[in-house]
file input32.csv (CSV, C-alpha atoms)
chain,number,residue,atom,x,y,z
W,1,MET,CA,240.8,122.8,-3.6
W,2,ARG,CA,239.4,120.0,-5.8
W,3,ILE,CA,237.6,120.9,-9.0
W,4,TYR,CA,234.9,118.2,-8.5
W,5,THR,CA,232.5,118.1,-5.6
W,6,ARG,CA,230.2,115.2,-6.6
W,7,GLN,CA,227.2,117.4,-5.6
W,8,GLY,CA,225.9,117.5,-9.1
W,9,ASP,CA,226.0,113.7,-9.8
W,10,LYS,CA,222.3,113.5,-9.4
W,11,GLY,CA,221.4,116.4,-11.6
W,12,MET,CA,221.2,119.1,-9.0
W,13,THR,CA,223.2,122.2,-8.4
W,14,ARG,CA,223.4,125.0,-5.8
W,15,LEU,CA,223.0,128.7,-6.7
W,16,ALA,CA,225.3,131.3,-5.2
W,17,ASP,CA,222.8,131.9,-2.4
W,18,GLY,CA,222.5,128.2,-1.5
W,19,VAL,CA,219.2,127.4,-3.2
W,20,GLN,CA,219.3,124.0,-4.8
W,21,LEU,CA,217.9,123.6,-8.3
W,22,ALA,CA,217.8,121.0,-11.0
W,23,LYS,CA,220.6,121.5,-13.6
W,24,ASP,CA,217.9,121.9,-16.3
W,25,ASP,CA,216.1,124.6,-14.4
W,26,MET,CA,215.5,127.6,-16.6
W,27,ARG,CA,217.7,129.9,-14.4
W,28,VAL,CA,220.6,127.4,-14.6
W,29,GLU,CA,220.0,126.8,-18.3
W,30,THR,CA,220.1,130.6,-18.9
W,31,TYR,CA,223.4,131.3,-17.1
W,32,GLY,CA,224.8,128.2,-18.7
W,33,TYR,CA,224.1,129.7,-22.1
W,34,ILE,CA,225.7,133.0,-21.0
W,35,ASP,CA,228.8,130.9,-20.1
W,36,GLU,CA,228.7,129.3,-23.6
W,37,LEU,CA,228.4,132.7,-25.2
W,38,ASN,CA,231.4,133.9,-23.2
W,39,SER,CA,233.4,130.9,-24.4
W,40,HIS,CA,232.6,131.7,-28.0
W,41,ILE,CA,233.7,135.3,-27.5
W,42,GLY,CA,237.1,133.8,-26.4
W,43,LEU,CA,237.2,132.0,-29.7
W,44,LEU,CA,236.5,135.3,-31.5
W,45,ILE,CA,239.3,137.0,-29.5
W,46,ALA,CA,241.7,134.3,-30.8
W,47,GLU,CA,240.7,135.2,-34.4
W,48,VAL,CA,240.9,139.0,-34.1
W,49,PRO,CA,244.2,140.5,-35.4
W,50,ALA,CA,246.6,141.6,-32.7
W,51,THR,CA,246.7,145.0,-34.3
W,52,GLU,CA,243.0,145.6,-33.4
W,53,THR,CA,243.9,146.5,-29.8
W,54,GLY,CA,240.8,148.6,-29.2
W,55,LEU,CA,238.5,145.8,-30.4
W,56,LEU,CA,240.3,143.3,-28.3
W,57,ALA,CA,240.0,145.5,-25.2
W,58,ASP,CA,236.2,145.9,-25.9
W,59,LEU,CA,235.8,142.1,-26.3
W,60,LEU,CA,237.7,141.4,-23.0
W,61,LEU,CA,235.4,143.9,-21.2
W,62,LEU,CA,232.4,142.2,-22.6
W,63,GLN,CA,233.7,138.9,-21.3
W,64,GLN,CA,234.0,140.5,-17.8
W,65,GLU,CA,230.5,141.9,-18.1
W,66,LEU,CA,229.0,138.6,-19.2
W,67,PHE,CA,230.7,136.9,-16.2
W,68,ASP,CA,229.0,139.6,-14.0
W,69,LEU,CA,225.7,139.0,-15.7
W,70,GLY,CA,226.0,135.2,-15.1
W,71,GLY,CA,226.8,135.9,-11.5
W,72,GLU,CA,223.6,137.9,-11.2
W,73,LEU,CA,221.7,135.0,-12.6
W,74,ALA,CA,223.4,132.6,-10.2
W,75,PHE,CA,221.2,133.9,-7.4
W,76,SER,CA,217.6,132.8,-6.9
W,77,SER,CA,214.9,135.3,-7.6
W,78,ASP,CA,214.0,135.1,-4.0
W,79,GLY,CA,217.5,136.1,-3.0
W,80,GLN,CA,218.0,138.7,-5.7
W,81,GLN,CA,218.3,142.2,-4.4
W,82,GLU,CA,219.2,145.3,-6.4
W,83,ALA,CA,222.4,145.4,-4.4
W,84,ILE,CA,223.8,142.4,-6.5
W,85,TRP,CA,222.7,143.8,-9.8
W,86,GLN,CA,225.7,145.0,-11.8
W,87,VAL,CA,224.3,145.2,-15.4
W,88,ASN,CA,223.1,148.7,-15.9
W,89,ASN,CA,221.8,151.2,-18.6
W,90,ALA,CA,225.3,152.7,-18.9
W,91,TRP,CA,226.5,149.4,-20.3
W,92,THR,CA,223.8,149.5,-23.0
W,93,LEU,CA,224.6,153.1,-23.9
W,94,ARG,CA,228.3,152.3,-24.2
W,95,LEU,CA,227.4,149.5,-26.7
W,96,GLU,CA,225.3,152.0,-28.7
W,97,ARG,CA,228.2,154.4,-28.9
W,98,GLN,CA,230.6,151.7,-29.9
W,99,ILE,CA,228.2,150.5,-32.6
W,100,ASP,CA,228.1,154.0,-34.0
W,101,ASP,CA,231.9,154.3,-33.9
W,102,TYR,CA,232.5,150.9,-35.5
W,103,SER,CA,229.8,151.6,-38.1
W,104,ALA,CA,231.2,155.1,-39.0
W,105,ASN,CA,233.2,153.9,-42.0
W,106,LEU,CA,231.2,150.8,-43.0
W,107,PRO,CA,229.2,150.8,-46.3
W,108,VAL,CA,225.5,151.5,-46.0
W,109,LEU,CA,223.7,148.2,-45.5
W,110,ARG,CA,221.3,147.7,-48.4
W,111,ASN,CA,221.1,143.9,-48.4
W,112,PHE,CA,221.0,141.0,-46.0
W,113,ILE,CA,224.5,139.6,-45.5
W,114,LEU,CA,225.5,136.0,-44.8
W,115,PRO,CA,227.6,135.0,-41.9
W,116,SER,CA,230.8,134.5,-43.9
W,117,GLY,CA,233.7,136.3,-45.5
W,118,SER,CA,236.4,135.4,-43.0
W,119,ARG,CA,236.9,133.2,-40.0
W,120,ALA,CA,236.8,136.1,-37.6
W,121,ALA,CA,233.6,137.6,-39.1
W,122,ALA,CA,231.9,134.2,-39.2
W,123,GLN,CA,232.8,133.7,-35.5
W,124,ALA,CA,231.4,137.2,-34.7
W,125,HIS,CA,228.1,136.0,-36.3
W,126,VAL,CA,228.2,132.8,-34.2
W,127,VAL,CA,228.5,135.0,-31.2
W,128,ARG,CA,225.6,137.2,-32.4
W,129,THR,CA,223.3,134.2,-32.8
W,130,LEU,CA,224.3,132.8,-29.4
W,131,THR,CA,223.5,136.2,-28.0
W,132,ARG,CA,220.1,136.1,-29.5
W,133,ARG,CA,219.5,132.6,-28.0
W,134,CYS,CA,220.5,134.1,-24.6
W,135,GLU,CA,218.1,136.9,-25.2
W,136,ARG,CA,215.2,134.5,-25.8
W,137,LEU,CA,216.0,132.5,-22.7
W,138,LEU,CA,216.4,135.7,-20.6
W,139,LEU,CA,213.0,136.9,-21.8
W,140,SER,CA,211.4,133.5,-20.8
W,141,LEU,CA,213.2,133.7,-17.4
W,142,SER,CA,212.0,137.3,-16.9
W,143,ARG,CA,208.4,136.2,-17.4
W,144,ALA,CA,208.8,133.4,-14.8
W,145,GLU,CA,211.1,135.1,-12.2
W,146,GLN,CA,212.5,138.5,-11.3
W,147,ILE,CA,215.7,139.5,-13.1
W,148,ASN,CA,217.5,142.8,-13.4
W,149,PRO,CA,215.5,144.9,-15.9
W,150,ALA,CA,218.7,146.3,-17.4
W,151,ILE,CA,219.7,142.9,-18.7
W,152,LEU,CA,217.3,142.5,-21.7
W,153,PRO,CA,218.2,145.9,-23.3
W,154,TYR,CA,222.0,145.1,-22.8
W,155,ILE,CA,221.7,141.7,-24.4
W,156,ASN,CA,219.6,143.0,-27.2
W,157,ARG,CA,222.2,145.7,-28.0
W,158,LEU,CA,225.0,143.2,-27.6
W,159,SER,CA,223.7,141.1,-30.6
W,160,ASP,CA,223.6,144.3,-32.7
W,161,TRP,CA,227.2,145.0,-31.5
W,162,PHE,CA,228.4,141.6,-32.8
W,163,PHE,CA,226.6,142.1,-36.1
W,164,THR,CA,228.5,145.4,-36.5
W,165,ILE,CA,231.8,143.8,-35.4
W,166,ALA,CA,231.4,141.1,-38.1
W,167,ARG,CA,231.1,143.8,-40.7
W,168,TYR,CA,233.9,145.8,-39.2
W,169,LEU,CA,236.3,142.8,-39.3
W,170,LEU,CA,235.6,142.3,-43.0
W,171,ALA,CA,236.1,146.0,-43.7
W,172,CYS,CA,239.5,145.9,-41.8
W,173,THR,CA,240.8,143.4,-44.3
W,174,ALA,CA,238.9,144.8,-47.3
W,175,THR,CA,237.1,141.5,-47.5
W,176,PRO,CA,233.7,141.9,-49.3
W,177,GLU,CA,230.5,141.0,-47.5
W,178,VAL,CA,228.7,137.9,-48.8
W,179,LEU,CA,225.3,139.1,-49.8
W,180,TRP,CA,222.1,137.1,-49.6
W,181,VAL,CA,220.6,136.6,-53.0
W,182,LYS,CA,216.9,135.9,-53.5
W,183,ALA,CA,216.2,132.3,-54.6
W,184,THR,CA,214.7,133.6,-57.9
W,185,GLU,CA,217.9,135.4,-58.7
W,186,ARG,CA,220.5,132.7,-57.8
W,187,SER,CA,222.3,130.8,-60.5
W,188,ARG,CA,223.5,127.3,-59.8

call {"tool": "encode", "arguments": {"input": "input32.csv", "output": "structure tokens"}}
result
Amino acid sequence: MRIYTRQGDKGMTRLADGVQLAKDDMRVETYGYIDELNSHIGLLIAEVPATETGLLADLLLLQQELFDLGGELAFSSDGQQEAIWQVNNAWTLRLERQIDDYSANLPVLRNFILPSGSRAAAQAHVVRTLTRRCERLLLSLSRAEQINPAILPYINRLSDWFFTIARYLLACTATPEVLWVKATERSR
């Protein structure tokens, strides 16, 4: 099978159900950003220490789930039926439990923190911000077309999850969090 089809040379693509859309259509744009998010999770995986087997397994599961989510979005809203929806409330509840577990030994958050400290933590923050972008696009898409109602809570919790993971990665290596300092309190 060839990787190129030439079908997209004029800026059009086909959804999984055969509906043809422009490549800059909101639905295509949204699942494209989900794909980008998934790629950045792959970069994060490359930075996580091999000893963090539980975290690596969690990240790989998230990649699988995001691929499923993108697959849902690859069907037109006309063709979407609940039968193809895979994202569900159990996924969101699992993220909440994991946030609680990963947070259990973290210091209480009393300040804003900057996306820094280590390469892995900074990449977790990149993933967090990309998740927020996906959330904004999904919200816009949900106002224009039908999408699985379980997606928005899942994506919202996912950004919280990556924030927690950034903090967790720093704690694993006893690396201090970089705190935001008010402009009036900064010294040059």

call {"tool": "closest_atom_pairs", "arguments": {"input": "input32.csv", "of": "range 36-83 of chain W", "to": "range 105-125 of chain W", "cutoff": "12 Å", "atoms": "only C-alpha atoms", "output": "Markdown table"}}
result
| residue | atom | partner | partner_atom | distance |
| --- | --- | --- | --- | --- |
| W:Leu37 | CA | W:Ala124 | CA | 10.9 |
| W:Asn38 | CA | W:Ala124 | CA | 12.0 |
| W:Ser39 | CA | W:Gln123 | CA | 11.5 |
| W:His40 | CA | W:Gln123 | CA | 7.8 |
| W:Ile41 | CA | W:Ala124 | CA | 7.8 |
| W:Gly42 | CA | W:Gln123 | CA | 10.1 |
| W:Leu43 | CA | W:Gln123 | CA | 7.5 |
| W:Leu44 | CA | W:Gln123 | CA | 5.7 |
| W:Ile45 | CA | W:Ala120 | CA | 8.5 |
| W:Ala46 | CA | W:Ala120 | CA | 8.6 |
| W:Glu47 | CA | W:Ala120 | CA | 5.1 |
| W:Val48 | CA | W:Ala120 | CA | 6.1 |
| W:Pro49 | CA | W:Ala120 | CA | 8.9 |
| W:Leu55 | CA | W:Ala124 | CA | 12.0 |
| W:Leu59 | CA | W:Ala124 | CA | 10.7 |

call {"tool": "closest_residue", "arguments": {"input": "input32.csv", "among": "W:Asp17, W:Asp25, W:Asp101, W:Glu96", "to": "Gly71 in chain W", "atoms": "all atoms listed in the file"}}
result
W:Asp17

call {"tool": "atom_distance", "arguments": {"input": "input32.csv", "atom1": "CA of Val178 in chain W", "atom2": "CA of Phe163 in chain W"}}
result
13.5 Å

call {"tool": "residues_around", "arguments": {"input": "input32.csv", "residues": "Asp100 in chain W", "least_positions_apart": "6", "cutoff": "12 Å", "atoms": "all atoms listed in the file", "output": "PyMOL selection string"}}
result
chain W and resi 93-94+106+157+160-161+164-165+168

call {"tool": "residues_around", "arguments": {"input": "input32.csv", "residues": "Arg14 in chain W", "least_positions_apart": "2", "cutoff": "12 Å", "atoms": "only C-alpha atoms", "output": "compact mmCIF listing (two decimals) with C-alpha atoms, in the coordinates of the input"}}
result
# COMPACT_ATOMS: atom_id res chain seq x y z
CA THR W 5 232.50 118.10 -5.60
CA ARG W 6 230.20 115.20 -6.60
CA GLN W 7 227.20 117.40 -5.60
CA GLY W 8 225.90 117.50 -9.10
CA GLY W 11 221.40 116.40 -11.60
CA MET W 12 221.20 119.10 -9.00
CA ALA W 16 225.30 131.30 -5.20
CA ASP W 17 222.80 131.90 -2.40
CA GLY W 18 222.50 128.20 -1.50
CA VAL W 19 219.20 127.40 -3.20
CA GLN W 20 219.30 124.00 -4.80
CA LEU W 21 217.90 123.60 -8.30
CA ALA W 22 217.80 121.00 -11.00
CA LYS W 23 220.60 121.50 -13.60
CA ASP W 25 216.10 124.60 -14.40
CA ARG W 27 217.70 129.90 -14.40
CA VAL W 28 220.60 127.40 -14.60
CA ALA W 74 223.40 132.60 -10.20
CA PHE W 75 221.20 133.90 -7.40
CA SER W 76 217.60 132.80 -6.90

call {"tool": "closest_residue", "arguments": {"input": "input32.csv", "among": "W:Ser159, W:Thr53, W:Gln64, W:Thr184", "to": "Arg128 in chain W", "atoms": "all atoms listed in the file"}}
result
W:Ser159

call {"tool": "closest_residue", "arguments": {"input": "input32.csv", "among": "W:Glu145, W:Asp78, W:Glu36, W:Glu72", "to": "Val126 in chain W", "atoms": "only C-alpha atoms"}}
result
W:Glu36

call {"tool": "closest_residue", "arguments": {"input": "input32.csv", "among": "W:Asn148, W:Thr131, W:Ser142, W:Gln63", "to": "Glu82 in chain W", "atoms": "all atoms listed in the file"}}
result
W:Asn148

call {"tool": "atom_distance", "arguments": {"input": "input32.csv", "atom1": "CA of Ala174 in chain W", "atom2": "CA of Phe162 in chain W"}}
result
18.2 Å

call {"tool": "atom_distance", "arguments": {"input": "input32.csv", "atom1": "CA of Ile34 in chain W", "atom2": "CA of Ile3 in chain W"}}
result
20.8 Å

call {"tool": "residues_around", "arguments": {"input": "input32.csv", "residues": "Thr92 in chain W", "least_positions_apart": "3", "cutoff": "8 Å", "atoms": "only C-alpha atoms", "output": "ChimeraX atom specification"}}
result
/W:88-89,95-96,153-154,157-158

call {"tool": "closest_residue", "arguments": {"input": "input32.csv", "among": "W:Asp68, W:Gly32, W:Pro149, W:Leu56", "to": "Arg133 in chain W", "atoms": "only C-alpha atoms"}}
result
W:Gly32

call {"tool": "closest_residue", "arguments": {"input": "input32.csv", "among": "W:Tyr31, W:Phe67, W:Trp180, W:Ala171", "to": "Ala104 in chain W", "atoms": "all atoms listed in the file"}}
result
W:Ala171

call {"tool": "residues_near_point", "arguments": {"input": "input32.csv", "point": "(221.0, 138.6, -23.9)", "cutoff": "6 Å", "atoms": "all atoms listed in the file", "output": "ChimeraX atom specification"}}
result
/W:131,134-135,152,155-156

call {"tool": "decode", "arguments": {"input": "input32.csv", "residues": "range 130-159 of chain W", "atoms": "N, CA and C atoms", "output": "JSON list (two decimals), in the first residue's frame"}}
result
[["chain", "number", "residue", "atom", "x", "y", "z"],
["W", 130, "LEU", "N", -0.94, 22.08, 25.09],
["W", 130, "LEU", "CA", -1.54, 21.58, 23.86],
["W", 130, "LEU", "C", -2.90, 20.94, 24.15],
["W", 131, "THR", "N", -3.02, 20.30, 25.30],
["W", 131, "THR", "CA", -4.31, 19.73, 25.71],
["W", 131, "THR", "C", -5.34, 20.85, 25.87],
["W", 132, "ARG", "N", -4.94, 21.96, 26.45],
["W", 132, "ARG", "CA", -5.85, 23.11, 26.61],
["W", 132, "ARG", "C", -6.28, 23.65, 25.23],
["W", 133, "ARG", "N", -5.33, 23.69, 24.28],
["W", 133, "ARG", "CA", -5.69, 24.15, 22.93],
["W", 133, "ARG", "C", -6.72, 23.20, 22.32],
["W", 134, "CYS", "N", -6.49, 21.90, 22.48],
["W", 134, "CYS", "CA", -7.46, 20.92, 21.98],
["W", 134, "CYS", "C", -8.83, 21.11, 22.63],
["W", 135, "GLU", "N", -8.80, 21.40, 23.92],
["W", 135, "GLU", "CA", -10.06, 21.63, 24.64],
["W", 135, "GLU", "C", -10.81, 22.81, 24.04],
["W", 136, "ARG", "N", -10.09, 23.90, 23.76],
["W", 136, "ARG", "CA", -10.76, 25.08, 23.17],
["W", 136, "ARG", "C", -11.34, 24.75, 21.80],
["W", 137, "LEU", "N", -10.59, 24.01, 20.99],
["W", 137, "LEU", "CA", -11.09, 23.63, 19.67],
["W", 137, "LEU", "C", -12.29, 22.69, 19.78],
["W", 138, "LEU", "N", -12.22, 21.74, 20.71],
["W", 138, "LEU", "CA", -13.34, 20.82, 20.90],
["W", 138, "LEU", "C", -14.59, 21.55, 21.36],
["W", 139, "LEU", "N", -14.42, 22.55, 22.20],
["W", 139, "LEU", "CA", -15.56, 23.34, 22.64],
["W", 139, "LEU", "C", -16.20, 24.06, 21.45],
["W", 140, "SER", "N", -15.37, 24.68, 20.61],
["W", 140, "SER", "CA", -15.90, 25.34, 19.41],
["W", 140, "SER", "C", -16.61, 24.34, 18.50],
["W", 141, "LEU", "N", -15.98, 23.18, 18.30],
["W", 141, "LEU", "CA", -16.58, 22.15, 17.45],
["W", 141, "LEU", "C", -17.91, 21.69, 18.04],
["W", 142, "SER", "N", -17.98, 21.53, 19.37],
["W", 142, "SER", "CA", -19.21, 21.05, 20.00],
["W", 142, "SER", "C", -20.35, 22.05, 19.86],
["W", 143, "ARG", "N", -20.01, 23.31, 19.69],
["W", 143, "ARG", "CA", -21.05, 24.33, 19.48],
["W", 143, "ARG", "C", -21.57, 24.31, 18.05],
["W", 144, "ALA", "N", -20.74, 23.82, 17.12],
["W", 144, "ALA", "CA", -21.12, 23.81, 15.71],
["W", 144, "ALA", "C", -21.68, 22.46, 15.26],
["W", 145, "GLU", "N", -21.20, 21.37, 15.88],
["W", 145, "GLU", "CA", -21.59, 20.03, 15.46],
["W", 145, "GLU", "C", -21.71, 19.13, 16.67],
["W", 146, "GLN", "N", -22.30, 17.96, 16.45],
["W", 146, "GLN", "CA", -22.44, 17.01, 17.54],
["W", 146, "GLN", "C", -21.12, 16.27, 17.76],
["W", 147, "ILE", "N", -20.68, 16.21, 19.01],
["W", 147, "ILE", "CA", -19.56, 15.35, 19.39],
["W", 147, "ILE", "C", -19.97, 14.59, 20.66],
["W", 148, "ASN", "N", -19.24, 13.58, 20.97],
["W", 148, "ASN", "CA", -19.46, 12.78, 22.17],
["W", 148, "ASN", "C", -19.38, 13.70, 23.39],
["W", 149, "PRO", "N", -20.42, 13.78, 24.22],
["W", 149, "PRO", "CA", -20.39, 14.68, 25.37],
["W", 149, "PRO", "C", -19.36, 14.29, 26.43],
["W", 150, "ALA", "N", -18.82, 13.10, 26.39],
["W", 150, "ALA", "CA", -17.81, 12.68, 27.37],
["W", 150, "ALA", "C", -16.42, 13.23, 27.04],
["W", 151, "ILE", "N", -16.25, 13.76, 25.83],
["W", 151, "ILE", "CA", -14.92, 14.22, 25.41],
["W", 151, "ILE", "C", -14.46, 15.45, 26.19],
["W", 152, "LEU", "N", -15.32, 16.44, 26.34],
["W", 152, "LEU", "CA", -14.88, 17.69, 26.99],
["W", 152, "LEU", "C", -14.43, 17.48, 28.44],
["W", 153, "PRO", "N", -15.16, 16.75, 29.28],
["W", 153, "PRO", "CA", -14.65, 16.52, 30.63],
["W", 153, "PRO", "C", -13.33, 15.74, 30.63],
["W", 154, "TYR", "N", -13.21, 14.77, 29.73],
["W", 154, "TYR", "CA", -11.98, 13.97, 29.64],
["W", 154, "TYR", "C", -10.78, 14.86, 29.30],
["W", 155, "ILE", "N", -10.92, 15.70, 28.29],
["W", 155, "ILE", "CA", -9.83, 16.57, 27.87],
["W", 155, "ILE", "C", -9.51, 17.60, 28.95],
["W", 156, "ASN", "N", -10.53, 18.11, 29.61],
["W", 156, "ASN", "CA", -10.30, 19.06, 30.69],
["W", 156, "ASN", "C", -9.49, 18.42, 31.81],
["W", 157, "ARG", "N", -9.86, 17.22, 32.20],
["W", 157, "ARG", "CA", -9.13, 16.53, 33.26],
["W", 157, "ARG", "C", -7.74, 16.13, 32.80],
["W", 158, "LEU", "N", -7.60, 15.84, 31.52],
["W", 158, "LEU", "CA", -6.29, 15.45, 30.99],
["W", 158, "LEU", "C", -5.26, 16.57, 31.16],
["W", 159, "SER", "N", -5.66, 17.81, 30.97],
["W", 159, "SER", "CA", -4.72, 18.91, 31.17],
["W", 159, "SER", "C", -4.31, 19.00, 32.64]]
